[in-house]
file query39.tsv (TSV, C-alpha atoms)
chain	number	residue	atom	x	y	z
A	1	MET	CA	243.17	186.80	214.89
A	2	SER	CA	246.90	187.21	214.31
A	3	GLY	CA	249.29	184.69	215.82
A	4	PRO	CA	252.69	185.09	217.47
A	5	PRO	CA	255.46	186.58	215.31
A	6	PRO	CA	257.86	184.15	213.63
A	7	ASN	CA	261.35	183.79	215.00
A	8	ARG	CA	264.45	184.72	213.07
A	9	HIS	CA	264.51	181.30	211.39
A	10	GLY	CA	261.04	181.87	209.97
A	11	ARG	CA	259.27	179.32	212.19
A	12	GLU	CA	256.28	180.35	214.23
A	13	ARG	CA	256.93	180.40	217.97
A	14	THR	CA	253.93	179.88	220.22
A	15	PRO	CA	253.82	180.60	223.96
A	16	LEU	CA	253.42	176.92	224.74
A	17	SER	CA	256.43	175.97	222.62
A	18	LEU	CA	258.47	178.57	224.47
A	19	GLU	CA	257.33	177.13	227.81
A	20	ARG	CA	258.79	173.75	226.88
A	21	ARG	CA	262.27	175.20	226.61
A	22	SER	CA	264.51	174.97	229.67
A	23	PRO	CA	264.04	178.32	231.44
A	24	ARG	CA	266.92	180.44	232.64
A	25	ARG	CA	265.96	181.51	236.15
A	26	LEU	CA	267.28	184.83	237.29
A	27	PRO	CA	268.95	184.95	240.73
A	28	GLY	CA	266.69	186.52	243.33
A	29	LYS	CA	263.59	186.34	241.13
A	30	ARG	CA	261.61	184.43	243.73
A	31	LEU	CA	257.82	184.56	243.77
A	32	LEU	CA	255.37	184.16	246.62
A	33	LEU	CA	251.88	182.98	245.67
A	34	LEU	CA	249.13	182.70	248.27
A	35	ALA	CA	245.88	181.05	247.17
A	36	SER	CA	243.22	178.58	248.17
A	37	GLU	CA	242.35	175.30	246.49
A	38	PRO	CA	241.88	174.48	243.63
A	39	ALA	CA	243.92	177.45	242.39
A	40	LEU	CA	246.88	176.34	244.51
A	41	SER	CA	247.10	172.90	242.87
A	42	TYR	CA	246.62	174.33	239.38
A	43	LEU	CA	249.35	176.93	239.84
A	44	GLU	CA	251.71	174.42	241.43
A	45	GLU	CA	251.44	172.18	238.37
A	46	TYR	CA	251.79	175.07	235.93
A	47	ILE	CA	254.88	176.37	237.71
A	48	ALA	CA	256.43	172.89	237.68
A	49	HIS	CA	255.65	172.73	233.94
A	50	LEU	CA	257.57	175.97	233.45
A	51	GLY	CA	260.52	174.71	235.50
A	52	MET	CA	260.08	177.46	238.11
A	53	ALA	CA	259.29	175.41	241.20
A	54	ALA	CA	262.65	176.17	242.82
A	55	ASN	CA	261.99	179.91	242.57
A	56	THR	CA	258.37	179.92	243.70
A	57	LEU	CA	256.72	179.42	247.07
A	58	LEU	CA	253.04	178.52	247.00
A	59	ALA	CA	251.11	178.57	250.24
A	60	PRO	CA	247.46	178.23	251.32
A	61	MET	CA	245.55	181.36	252.23
A	62	THR	CA	242.14	182.42	253.48
A	63	PRO	CA	240.77	185.97	253.07
A	64	ALA	CA	240.37	186.49	256.82
A	65	MET	CA	243.99	185.49	257.50
A	66	ALA	CA	245.58	187.01	254.40
A	67	VAL	CA	247.58	189.65	256.27
A	68	ALA	CA	249.00	187.30	258.91
A	69	GLU	CA	249.79	184.58	256.38
A	70	CYS	CA	251.41	186.99	253.93
A	71	ARG	CA	253.53	188.62	256.62
A	72	GLU	CA	254.65	185.26	258.02
A	73	ARG	CA	255.77	183.97	254.61
A	74	LEU	CA	257.61	187.19	253.79
A	75	GLN	CA	259.45	187.17	257.11
A	76	THR	CA	260.32	183.48	257.28
A	77	ALA	CA	260.90	182.55	253.64
A	78	GLY	CA	261.81	185.81	251.88
A	79	PRO	CA	263.04	187.85	250.24
A	80	PHE	CA	260.70	187.69	247.25
A	81	TRP	CA	260.70	189.56	243.98
A	82	ARG	CA	256.90	189.59	243.77
A	83	ALA	CA	253.99	188.40	245.93
A	84	PHE	CA	250.45	187.64	244.82
A	85	LEU	CA	247.23	187.06	246.72
A	86	ILE	CA	244.80	185.03	244.59
A	87	MET	CA	241.32	185.25	246.09
A	88	GLU	CA	237.93	183.88	245.18
A	89	TRP	CA	234.90	186.10	245.77
A	90	ASP	CA	231.31	185.13	245.13
A	91	GLY	CA	229.90	188.57	245.93
A	92	ASP	CA	229.20	188.17	249.65
A	93	PRO	CA	230.66	189.06	252.05
A	94	ALA	CA	233.21	191.56	250.78
A	95	ALA	CA	234.18	193.08	254.13
A	96	PRO	CA	236.92	190.54	255.08
A	97	ILE	CA	238.69	190.98	251.75
A	98	HIS	CA	238.50	194.76	251.85
A	99	GLN	CA	239.78	194.79	255.43
A	100	ALA	CA	242.67	192.46	254.62
A	101	TRP	CA	243.69	194.58	251.64
A	102	ARG	CA	243.57	197.83	253.68
A	103	GLU	CA	245.81	196.24	256.30
A	104	ILE	CA	248.30	195.08	253.68
A	105	GLN	CA	248.42	198.54	252.14
A	106	ALA	CA	249.02	200.10	255.58
A	107	ASP	CA	251.65	197.55	256.63
A	108	THR	CA	255.15	198.86	255.85
A	109	GLU	CA	256.54	195.30	256.11
A	110	ILE	CA	254.29	194.07	253.30
A	111	GLU	CA	255.19	195.75	250.02
A	112	GLY	CA	254.87	194.80	246.38
A	113	VAL	CA	251.87	192.54	246.93
A	114	ARG	CA	249.38	192.22	244.06
A	115	PHE	CA	245.76	191.25	244.64
A	116	LEU	CA	244.12	189.05	241.98
A	117	CYS	CA	240.43	188.15	242.16
A	118	CYS	CA	238.45	185.33	240.56
A	119	ARG	CA	234.71	185.97	240.68
A	120	PRO	CA	232.79	183.95	241.69
A	121	SER	CA	235.52	181.30	242.00
A	122	PHE	CA	238.73	180.03	240.47
A	123	LEU	CA	236.64	177.84	238.16
A	124	LEU	CA	235.80	180.98	236.18
A	125	TRP	CA	239.42	180.88	234.97
A	126	ILE	CA	238.89	177.29	233.84
A	127	LEU	CA	235.65	178.23	232.06
A	128	LEU	CA	237.54	180.88	230.07
A	129	HIS	CA	239.57	178.12	228.42
A	130	PHE	CA	236.37	177.06	226.63
A	131	GLU	CA	233.97	180.01	226.39
A	132	ASP	CA	233.05	183.51	227.48
A	133	PRO	CA	231.00	183.67	230.69
A	134	GLY	CA	227.36	184.68	230.56
A	135	ALA	CA	225.30	186.21	233.35
A	136	GLU	CA	224.72	182.75	234.84
A	137	ALA	CA	228.47	182.42	235.50
A	138	ALA	CA	228.01	184.72	238.50
A	139	GLN	CA	226.45	181.76	240.29
A	140	ALA	CA	229.13	179.53	241.80
A	141	ALA	CA	226.90	176.44	241.68
A	142	TRP	CA	226.16	176.89	237.96
A	143	LEU	CA	229.82	177.51	237.25
A	144	GLU	CA	230.86	174.31	239.01
A	145	GLN	CA	228.34	172.28	237.01
A	146	ARG	CA	229.32	173.88	233.70
A	147	VAL	CA	233.04	173.29	234.21
A	148	ALA	CA	232.38	169.70	235.27
A	149	HIS	CA	230.43	169.18	232.05
A	150	LEU	CA	233.16	170.72	229.88
A	151	LEU	CA	235.81	168.53	231.48
A	152	ALA	CA	233.76	165.34	231.65
A	153	ASP	CA	235.55	163.61	228.76
A	154	ARG	CA	239.05	164.71	229.78
A	155	GLN	CA	241.43	162.91	232.10
A	156	GLY	CA	243.94	164.29	234.59
A	157	SER	CA	244.28	167.41	236.69
A	158	LEU	CA	242.69	170.78	235.89
A	159	PHE	CA	245.92	171.99	234.32
A	160	ALA	CA	246.46	168.80	232.31
A	161	ARG	CA	242.92	168.94	230.92
A	162	THR	CA	243.08	172.59	229.93
A	163	ARG	CA	246.73	173.43	229.10
A	164	HIS	CA	246.20	173.17	225.33
A	165	LEU	CA	243.58	175.95	225.61
A	166	LEU	CA	245.63	178.29	227.79
A	167	ASP	CA	246.09	180.91	225.07
A	168	ASP	CA	242.31	181.06	224.60
A	169	ALA	CA	241.82	181.62	228.33
A	170	LEU	CA	244.41	184.41	228.36
A	171	GLN	CA	242.79	186.22	225.46
A	172	ARG	CA	239.29	185.96	226.92
A	173	SER	CA	240.42	187.01	230.39
A	174	GLN	CA	242.35	190.02	229.12
A	175	ARG	CA	239.46	191.16	226.92
A	176	LEU	CA	236.91	190.78	229.74
A	177	THR	CA	239.16	192.79	232.06
A	178	ARG	CA	239.51	195.60	229.50
A	179	GLU	CA	235.75	195.69	229.04
A	180	ARG	CA	235.14	195.67	232.79
A	181	LEU	CA	237.61	198.49	233.44
A	182	ALA	CA	235.84	200.58	230.82
A	183	ARG	CA	232.65	200.31	232.90
A	184	GLN	CA	234.12	200.17	236.41
A	185	PRO	CA	236.23	202.88	238.07
A	186	ARG	CA	239.94	202.09	238.21
A	187	GLY	CA	241.22	201.19	241.63
A	188	THR	CA	238.11	199.14	242.47
A	189	LEU	CA	239.34	196.12	244.40
A	190	LEU	CA	236.60	193.61	243.68
A	191	PRO	CA	235.12	193.11	240.19
A	192	ALA	CA	231.44	193.94	239.78
A	193	GLU	CA	230.84	191.03	237.38
A	194	PRO	CA	232.20	187.53	236.66
A	195	GLY	CA	235.82	187.51	235.62
A	196	SER	CA	239.38	186.58	236.49
A	197	GLU	CA	242.54	188.61	236.89
A	198	LEU	CA	244.69	185.49	236.91
A	199	HIS	CA	245.99	186.24	233.41
A	200	GLU	CA	248.32	188.84	234.97
A	201	LEU	CA	250.13	186.13	236.91
A	202	ILE	CA	250.16	183.64	234.04
A	203	VAL	CA	251.76	186.20	231.71
A	204	LEU	CA	254.35	187.15	234.35
A	205	LEU	CA	255.26	183.50	234.90
A	206	ARG	CA	255.72	182.93	231.18
A	207	LYS	CA	258.00	185.92	230.84
A	208	SER	CA	260.00	184.92	233.90
A	209	ALA	CA	260.42	181.36	232.60
A	210	ARG	CA	261.86	182.62	229.31
call {"tool": "encode", "arguments": {"input": "query39.tsv", "output": "C-alpha cells"}}
result
Amino acid sequence: MSGPPPNRHGRERTPLSLERRSPRRLPGKRLLLLASEPALSYLEEYIAHLGMAANTLLAPMTPAMAVAECRERLQTAGPFWRAFLIMEWDGDPAAPIHQAWREIQADTEIEGVRFLCCRPSFLLWILLHFEDPGAEAAQAAWLEQRVAHLLADRQGSLFARTRHLLDDALQRSQRLTRERLARQPRGTLLPAEPGSELHELIVLLRKSAR
C-alpha cells in the first residue's frame, strides 16, 4: 500500500500530522452535524482535535424527529455551508428513516443535507479501525461485544483510543462502500449490509481543517 506523497522538502506528510497544524478556517464554512450518541461525542472530540469547534454545530437527533430538528437548527443557528444527518440503522424498522429523508428532500427550506448511515450502529465505524466486518457484524449485540473486547486494554474516549488507527478505518470504510455500491443500486438510501458512510464526513473535515 502506497503512503501519502512527500512534501516539497522531501518529508512524508501524513493526514494525522496535517491535522496537528493550526487550521485556517474559511469564513462562512460552518457545518451542522446531527447525530445520536455515541457518534455525537466522538465527532465532537474529533472536531475539537482539528480546531474546528467554532465553525461546527453538533446537535442530538433521532430518526423520527430528523426533519423538525434539522429545520430548527437551520433556521435558528444558520446559515451553514453543509449539513449532515448521521443515523444508525440495525435493519428494522426502516420506515421512519425513509419518511424523514423524503420529507427533507421535499422541504425547500432544507437544502444541501447529506444522509450518512452506520449499519447496524456507529460502533461499526469503530470496528473498522481494527478489522473488516464479517457477517456477524450485522448483529448490534455482537458488534458491541467485539468493540468492547478490542478496546479493553485502551484508556480514554472512543476517539482517544482509536485516533492512531483512523487512516485504517478510512481505507476500510471507503473500500467497503465501493464494493457495496457495485452490488447495490445507486441512490439506495439504506445499506443492505454492515458498513459506514462516515468516512465522507471525516475526509471533508480534514480538508476543511487544512
call {"tool": "closest_residue", "arguments": {"input": "query39.tsv", "among": "A:Phe130, A:Ala83, A:Arg180, A:Gly78", "to": "A:His149", "atoms": "only C-alpha atoms"}}
result
A:Phe130
call {"tool": "atom_distance", "arguments": {"input": "query39.tsv", "atom1": "atom CA of A:Leu43", "atom2": "atom CA of A:Ala135"}}
result
26.6 Å
call {"tool": "atom_distance", "arguments": {"input": "query39.tsv", "atom1": "atom CA of A:Leu204", "atom2": "atom CA of A:Ser41"}}
result
18.1 Å
call {"tool": "residues_around", "arguments": {"input": "query39.tsv", "residues": "A:Leu31", "least_positions_apart": "4", "cutoff": "10 Å", "atoms": "only C-alpha atoms", "output": "PyMOL selection string"}}
result
chain A and resi 52-58+78-84+205
call {"tool": "residues_around", "arguments": {"input": "query39.tsv", "residues": "A:Gln145", "least_positions_apart": "5", "cutoff": "12 Å", "atoms": "all atoms listed in the file", "output": "ChimeraX atom specification"}}
result
/A:123-124,127,136-137,139-140,150-152
call {"tool": "closest_residue", "arguments": {"input": "query39.tsv", "among": "A:Ala35, A:Cys118, A:Leu176, A:Ile47", "to": "A:Pro133", "atoms": "all atoms listed in the file"}}
result
A:Leu176
call {"tool": "atom_distance", "arguments": {"input": "query39.tsv", "atom1": "atom CA of A:Thr108", "atom2": "atom CA of A:Ala95"}}
result
21.8 Å
call {"tool": "closest_residue", "arguments": {"input": "query39.tsv", "among": "A:Ala169, A:Ile104, A:Ile202, A:Met87", "to": "A:His129", "atoms": "all atoms listed in the file"}}
result
A:Ala169
call {"tool": "closest_residue", "arguments": {"input": "query39.tsv", "among": "A:Thr162, A:Gln155, A:Gln99, A:Ser173", "to": "A:His199", "atoms": "only C-alpha atoms"}}
result
A:Ser173
call {"tool": "closest_atom_pairs", "arguments": {"input": "query39.tsv", "of": "stretch 56-149 of chain A", "to": "stretch 189-196 of chain A", "cutoff": "6 Å", "atoms": "all atoms listed in the file", "output": "tab-separated table"}}
result
residue	atom	partner	partner_atom	distance
A:Cys117	CA	A:Ser196	CA	6.0
A:Cys118	CA	A:Ser196	CA	4.4
A:Arg119	CA	A:Pro194	CA	5.0
A:Trp125	CA	A:Ser196	CA	5.9
A:Ala138	CA	A:Pro194	CA	5.4
call {"tool": "closest_residue", "arguments": {"input": "query39.tsv", "among": "A:Asp132, A:Gln105, A:Gln184, A:Leu74", "to": "A:Gln171", "atoms": "all atoms listed in the file"}}
result
A:Asp132
call {"tool": "residues_around", "arguments": {"input": "query39.tsv", "residues": "A:Ala59", "least_positions_apart": "3", "cutoff": "8 Å", "atoms": "all atoms listed in the file", "output": "list in words"}}
result
Leu32, Leu33, Leu34, Ala35 and Leu40 of chain A
call {"tool": "closest_residue", "arguments": {"input": "query39.tsv", "among": "A:Glu45, A:Arg73, A:Ser36, A:Ser157", "to": "A:Met61", "atoms": "only C-alpha atoms"}}
result
A:Ser36
